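Here is start.cif, consisting of mmCIF, C-alpha atoms and all ligand atoms:
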data_data
#
loop_
_atom_site.label_atom_id
_atom_site.label_comp_id
_atom_site.auth_asym_id
_atom_site.auth_seq_id
_atom_site.Cartn_x
_atom_site.Cartn_y
_atom_site.Cartn_z
CA MET A 249 -80.28 -113.05 6.17
CA GLN A 250 -83.81 -111.64 6.13
CA ALA A 251 -85.32 -115.16 6.20
CA SER A 252 -83.22 -115.97 9.25
CA THR A 253 -84.33 -112.76 11.01
CA GLU A 254 -87.97 -113.59 10.31
CA SER A 255 -87.50 -117.11 11.57
CA THR A 256 -85.90 -115.81 14.80
CA ARG A 257 -88.80 -113.40 15.24
CA GLY A 258 -91.30 -116.20 14.59
CA THR A 259 -89.67 -118.30 17.32
CA LEU A 260 -89.68 -115.33 19.67
CA ALA A 261 -93.37 -114.74 18.96
CA GLU A 262 -94.09 -118.37 19.90
CA THR A 263 -92.10 -118.25 23.13
CA SER A 264 -92.94 -114.69 24.29
CA SER A 265 -96.27 -114.08 25.93
CA LEU A 266 -98.44 -111.50 27.62
CA ARG A 267 -100.91 -112.02 30.43
CA ILE A 268 -104.23 -111.09 28.88
CA SER A 269 -107.40 -110.35 30.82
CA GLU A 270 -109.59 -110.08 27.70
CA THR A 271 -109.65 -109.49 23.97
CA PHE A 272 -112.70 -108.25 22.08
CA VAL A 273 -113.85 -106.31 19.06
CA SER A 274 -115.78 -103.12 19.79
CA ARG A 275 -115.98 -99.46 18.87
CA GLN A 276 -113.42 -97.13 20.37
CA GLY A 277 -115.37 -95.05 22.89
CA GLU A 278 -112.89 -92.28 23.76
CA GLY A 279 -110.72 -89.67 22.07
CA GLU A 280 -109.97 -88.84 18.46
CA LEU A 281 -110.77 -92.32 17.12
CA THR A 282 -114.19 -92.51 18.79
CA GLY A 283 -116.46 -94.82 16.81
CA THR A 284 -113.63 -96.73 15.08
CA ASN A 285 -114.14 -100.47 15.03
CA SER A 286 -111.14 -101.90 16.89
CA PHE A 287 -109.64 -105.09 18.25
CA PHE A 288 -108.92 -104.51 21.94
CA VAL A 289 -106.10 -106.38 23.68
CA ARG A 290 -106.27 -105.84 27.44
CA THR A 291 -103.12 -106.82 29.30
CA SER A 292 -103.43 -107.81 32.94
CA GLY A 293 -101.39 -106.06 35.61
CA CYS A 294 -100.80 -102.42 36.51
CA ASN A 295 -98.14 -100.47 38.41
CA LEU A 296 -100.79 -98.05 39.73
CA ARG A 297 -103.92 -98.58 41.82
CA CYS A 298 -106.47 -95.86 41.13
CA TRP A 299 -109.28 -96.11 43.67
CA PHE A 300 -111.90 -95.81 40.89
CA CYS A 301 -110.29 -98.26 38.45
CA ASP A 302 -112.99 -99.54 36.09
CA THR A 303 -110.92 -102.60 35.13
CA PRO A 304 -110.02 -104.05 38.55
CA TYR A 305 -109.62 -107.45 36.90
CA ALA A 306 -106.52 -105.98 35.22
CA SER A 307 -105.15 -104.05 38.22
CA TRP A 308 -106.35 -104.69 41.80
CA ARG A 309 -107.18 -108.35 41.13
CA PRO A 310 -105.38 -109.22 37.90
CA GLU A 311 -106.93 -112.10 36.00
CA GLY A 312 -106.10 -113.88 32.79
CA ASP A 313 -103.83 -116.42 31.15
CA GLN A 314 -100.57 -116.01 29.31
CA MET A 315 -101.09 -115.78 25.54
CA SER A 316 -98.22 -116.06 23.09
CA ILE A 317 -97.53 -113.10 20.85
CA ALA A 318 -98.01 -115.40 17.86
CA SER A 319 -101.49 -116.43 18.99
CA LEU A 320 -102.49 -112.80 19.61
CA VAL A 321 -101.34 -111.78 16.12
CA GLU A 322 -103.28 -114.72 14.68
CA SER A 323 -106.49 -113.79 16.56
CA ILE A 324 -106.22 -110.22 15.33
CA SER A 325 -105.62 -111.39 11.73
CA ASP A 326 -108.73 -113.59 11.95
CA SER A 327 -110.88 -110.64 13.08
CA ASP A 328 -110.68 -108.59 9.88
CA VAL A 329 -110.29 -105.39 11.97
CA ARG A 330 -107.47 -102.99 11.03
CA HIS A 331 -107.29 -100.91 14.23
CA VAL A 332 -105.80 -102.48 17.34
CA VAL A 333 -106.00 -100.93 20.80
CA LEU A 334 -103.45 -102.18 23.32
CA THR A 335 -104.89 -101.32 26.70
CA GLY A 336 -104.83 -102.51 30.30
CA GLY A 337 -104.09 -102.56 33.14
CA GLU A 338 -100.85 -100.95 32.06
CA PRO A 339 -99.82 -102.34 28.65
CA LEU A 340 -96.33 -100.82 28.82
CA LEU A 341 -95.48 -102.82 31.95
CA PRO A 342 -94.57 -106.08 30.15
CA LYS A 343 -91.66 -105.70 27.71
CA GLU A 344 -93.33 -108.25 25.41
CA SER A 345 -95.77 -105.52 24.31
CA VAL A 346 -92.93 -104.14 22.17
CA LEU A 347 -92.76 -107.30 20.03
CA LEU A 348 -96.55 -107.42 19.65
CA CYS A 349 -96.65 -103.83 18.41
CA GLU A 350 -93.70 -104.39 16.05
CA MET A 351 -95.31 -107.44 14.47
CA LEU A 352 -98.70 -105.76 14.08
CA ARG A 353 -97.26 -102.61 12.56
CA GLU A 354 -95.24 -104.70 10.09
CA ARG A 355 -98.58 -106.17 9.02
CA GLY A 356 -100.08 -102.72 8.48
CA TYR A 357 -102.32 -102.43 11.54
CA HIS A 358 -103.02 -99.07 13.17
CA ILE A 359 -101.97 -99.35 16.82
CA THR A 360 -103.27 -97.24 19.68
CA ILE A 361 -101.62 -97.70 23.07
CA GLU A 362 -103.74 -96.62 26.04
CA THR A 363 -101.40 -95.96 28.95
CA ALA A 364 -101.09 -93.93 32.14
CA GLY A 365 -97.67 -92.89 30.79
CA THR A 366 -95.56 -93.99 33.75
CA ILE A 367 -93.35 -96.67 32.13
CA ASP A 368 -90.35 -95.50 30.14
CA ARG A 369 -90.35 -97.96 27.25
CA GLN A 370 -89.10 -97.69 23.67
CA ILE A 371 -92.16 -98.77 21.71
CA ALA A 372 -93.60 -97.69 18.38
CA CYS A 373 -97.29 -97.03 17.75
CA ASP A 374 -99.58 -94.84 15.67
CA LEU A 375 -101.45 -93.16 18.51
CA MET A 376 -100.01 -92.90 22.01
CA SER A 377 -103.03 -92.21 24.20
CA ILE A 378 -101.77 -91.05 27.59
CA SER A 379 -104.11 -90.72 30.54
CA PRO A 380 -102.24 -89.02 33.42
CA LYS A 381 -103.66 -89.82 36.84
CA PHE A 382 -104.57 -86.94 39.15
CA ARG A 383 -103.60 -86.87 42.81
CA THR A 384 -107.26 -87.57 43.59
CA SER A 385 -106.85 -91.03 41.98
CA THR A 386 -104.58 -92.21 44.81
CA PRO A 387 -106.12 -94.95 46.95
CA ASP A 388 -106.90 -94.40 50.63
CA ALA A 389 -103.71 -94.46 52.70
CA ASP A 390 -105.35 -96.17 55.69
CA GLN A 391 -106.88 -98.97 53.64
CA HIS A 392 -104.00 -99.43 51.18
CA PRO A 393 -100.85 -97.90 52.71
CA ARG A 394 -98.35 -99.61 50.39
CA TRP A 395 -100.29 -98.94 47.18
CA SER A 396 -101.10 -95.42 48.25
CA GLU A 397 -97.39 -94.64 48.57
CA LEU A 398 -96.38 -96.43 45.35
CA HIS A 399 -99.21 -94.87 43.37
CA GLU A 400 -98.22 -91.39 44.49
CA GLN A 401 -94.52 -92.00 43.69
CA ARG A 402 -95.25 -93.38 40.24
CA ARG A 403 -98.21 -91.54 38.80
CA MET A 404 -96.70 -88.39 37.22
CA PRO A 405 -93.28 -88.76 35.51
CA ILE A 406 -93.63 -85.87 33.04
CA GLY A 407 -90.36 -86.67 31.21
CA THR A 408 -91.47 -90.26 30.57
CA MET A 409 -94.80 -89.07 29.16
CA GLN A 410 -93.01 -86.65 26.85
CA ARG A 411 -90.67 -89.39 25.56
CA LEU A 412 -93.64 -91.69 24.88
CA MET A 413 -95.34 -88.95 22.87
CA GLU A 414 -92.17 -88.11 20.94
CA GLN A 415 -91.63 -91.67 19.74
CA SER A 416 -95.19 -92.17 18.44
CA VAL A 417 -96.66 -91.08 15.10
CA ASP A 418 -99.43 -89.18 16.91
CA TYR A 419 -100.58 -88.74 20.48
CA GLN A 420 -103.46 -87.53 22.62
CA VAL A 421 -103.65 -86.75 26.31
CA LYS A 422 -106.86 -87.87 28.03
CA PHE A 423 -108.03 -86.78 31.44
CA VAL A 424 -110.81 -88.46 33.35
CA VAL A 425 -112.15 -85.76 35.66
CA ASP A 426 -113.79 -86.80 38.90
CA GLY A 427 -114.64 -83.32 40.17
CA GLU A 428 -113.78 -79.64 40.07
CA ARG A 429 -110.86 -80.27 42.41
CA ASP A 430 -109.03 -81.94 39.47
CA LEU A 431 -109.16 -78.92 37.16
CA GLN A 432 -106.21 -76.95 38.50
CA GLU A 433 -103.96 -80.01 38.38
CA LEU A 434 -105.17 -80.72 34.83
CA GLN A 435 -103.98 -77.29 33.71
CA GLU A 436 -100.65 -77.72 35.53
CA ILE A 437 -100.04 -81.06 33.80
CA VAL A 438 -100.90 -79.67 30.35
CA SER A 439 -98.49 -76.82 30.97
CA GLN A 440 -95.69 -79.16 32.12
CA LEU A 441 -96.24 -81.53 29.19
CA ASP A 442 -96.24 -78.51 26.88
CA VAL A 443 -98.88 -79.95 24.53
CA PRO A 444 -101.33 -77.94 22.39
CA ALA A 445 -104.88 -77.65 23.69
CA ASP A 446 -106.38 -79.56 20.76
CA LYS A 447 -104.40 -82.67 21.80
CA VAL A 448 -106.08 -82.65 25.20
CA TRP A 449 -109.29 -84.63 25.74
CA VAL A 450 -111.37 -84.14 28.84
CA MET A 451 -114.00 -86.64 29.89
CA PRO A 452 -116.07 -87.15 33.01
CA GLN A 453 -115.58 -89.94 35.50
CA GLY A 454 -118.86 -91.83 35.59
CA ILE A 455 -120.30 -95.26 34.99
CA SER A 456 -123.89 -94.39 34.02
CA ASN A 457 -125.59 -92.07 31.53
CA GLU A 458 -126.99 -90.06 34.45
CA GLU A 459 -123.50 -89.44 35.89
CA LEU A 460 -122.14 -88.49 32.44
CA ASP A 461 -125.08 -86.13 31.83
CA GLN A 462 -124.69 -84.48 35.23
CA ALA A 463 -120.93 -83.95 34.81
CA ALA A 464 -121.38 -82.57 31.29
CA THR A 465 -123.40 -79.61 32.63
CA TRP A 466 -120.30 -78.05 34.20
CA LEU A 467 -117.36 -79.89 32.62
CA ARG A 468 -118.28 -79.37 28.95
CA PRO A 469 -118.41 -75.54 29.22
CA TRP A 470 -115.15 -75.48 31.24
CA THR A 471 -113.46 -77.63 28.58
CA ALA A 472 -114.64 -75.39 25.73
CA GLU A 473 -113.53 -72.29 27.60
CA HIS A 474 -109.97 -73.64 27.77
CA GLY A 475 -109.84 -74.83 24.15
CA PHE A 476 -109.61 -78.52 25.08
CA GLN A 477 -111.67 -81.29 23.46
CA TYR A 478 -114.58 -82.80 25.33
CA CYS A 479 -115.64 -86.38 24.95
CA ASP A 480 -118.04 -88.66 26.72
CA ARG A 481 -116.92 -92.14 27.56
CA MET A 482 -119.08 -93.44 24.74
CA GLN A 483 -118.62 -97.10 25.65
CA ILE A 484 -120.69 -96.35 28.78
CA ARG A 485 -123.45 -94.76 26.69
CA TRP A 486 -123.39 -97.49 24.03
CA TYR A 487 -123.02 -100.60 26.17
CA GLY A 488 -123.28 -99.66 29.85
CA ASN A 489 -120.48 -100.34 32.30
CA ARG A 490 -119.59 -103.90 31.39
CA ARG A 491 -116.64 -105.99 30.30
CA GLY A 492 -115.80 -106.69 26.68
CA THR A 493 -116.89 -103.28 25.37
S1 LIG B 501 -103.83 -96.81 35.70
FE1 LIG B 501 -105.71 -97.55 34.67
S2 LIG B 501 -105.68 -99.79 34.92
FE2 LIG B 501 -104.16 -98.94 36.38
S3 LIG B 501 -105.32 -98.75 38.29
FE3 LIG B 501 -105.46 -96.76 37.22
S4 LIG B 501 -107.37 -96.87 36.03
FE4 LIG B 501 -106.83 -98.98 36.64
#

Have the structure of the file written as structure tokens, please.
Amino acid sequence: MQASTESTRGTLAETSSLRISETFVSRQGEGELTGTNSFFVRTSGCNLRCWFCDTPYASWRPEGDQMSIASLVESISDSDVRHVVLTGGEPLLPKESVLLCEMLRERGYHITIETAGTIDRQIACDLMSISPKFRTSTPDADQHPRWSELHEQRRMPIGTMQRLMEQSVDYQVKFVVDGERDLQELQEIVSQLDVPADKVWVMPQGISNEELDQAATWLRPWTAEHGFQYCDRMQIRWYGNRRGT
């Protein structure tokens, strides 16, 4: 019976696929696992359209080929890395992400899912890393009327975020702050999610060391004052703003 279940799953892994914009091994640059060597799987496609998106090749202009779940598991096995980060785009958008996570967890990998938390999907992982999108992330209504409306409708389903956190072993909530105008909404979201302050990570929006340094002068003290955790986007400091890092 078990052999037959495994064989069915093997067939499913060969026939199911995800559109992948890139895979790479790098250090995790954000949150509680900062510095951990990880295999990143970036799915292509997103249900939101943040104006500042730093991976437009996975959202505004999605790129990439379909890769079978079996081939992704094989690539990860070949890498000798035990932490896997499923990111995007929005990795919860394709249902096939569930099978990938199941197969990797069966093999003992630690799985982080980096999501905006807007897709209600039953999926198991070790660290659900939710990054709620502020109202200031919404694209310009004149330039992108359809996406502006959809983005605003979709960006903040609090109940969905809570369910995603409940079904994971651990979770963190990450906020990318663009300016002081985001801070009141940040506090409102934390209150609605009802999460402890030490699960909340605040980081500055910025794509250069100079921007990160400048933001840290006012954002780091504000974060400490509220008991939240502060983190730089270390991938920017380590590698600059470029793909594959
Ligand atoms: S949710 Fe993430 S991937 Fe999607 S548009 Fe916003 S920043 Fe880009």

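Closest approach to ligand LIG 501 (chain B) among A:Ser396, A:Ser327, A:Gln401, A:Asn295 is made by A:Asn295 (distances from all atoms listed in the file).
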
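Of the listed residues A:Val273, A:Leu467, A:Met315, A:Ile378, the one whose atoms come nearest to Asp328 (chain A) is A:Val273, with distances taken using all atoms listed in the file.
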
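Restricting the calculation to only C-alpha atoms, the smallest distance between Leu431 (chain A) and any of A:Thr384, A:Ile367, A:Ser269, A:Pro342 is found for A:Thr384.
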
If I wrap all listed atoms of ligand LIG 501 (chain B) in a box with edges along x, y and z and add 6 Å on each side, what are its centre and edge lengths in Å to one decimal, as JSON?
{"center_x": -105.6, "center_y": -98.3, "center_z": 36.5, "size_x": 15.5, "size_y": 15.0, "size_z": 15.6}

message = Using all atoms listed in the file - which residues lie no farther than 6 Å from the point (-105.7, -90.1, 31.3) in the file's frame? Write them as a VMD selection string.
response = chain A and resid 378 to 381 422 to 424

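Nearest residue to Cys301 (chain A) among A:Ser286, A:Thr366, A:Gln453, A:Gln391 is A:Gln453, counting all atoms listed in the file.
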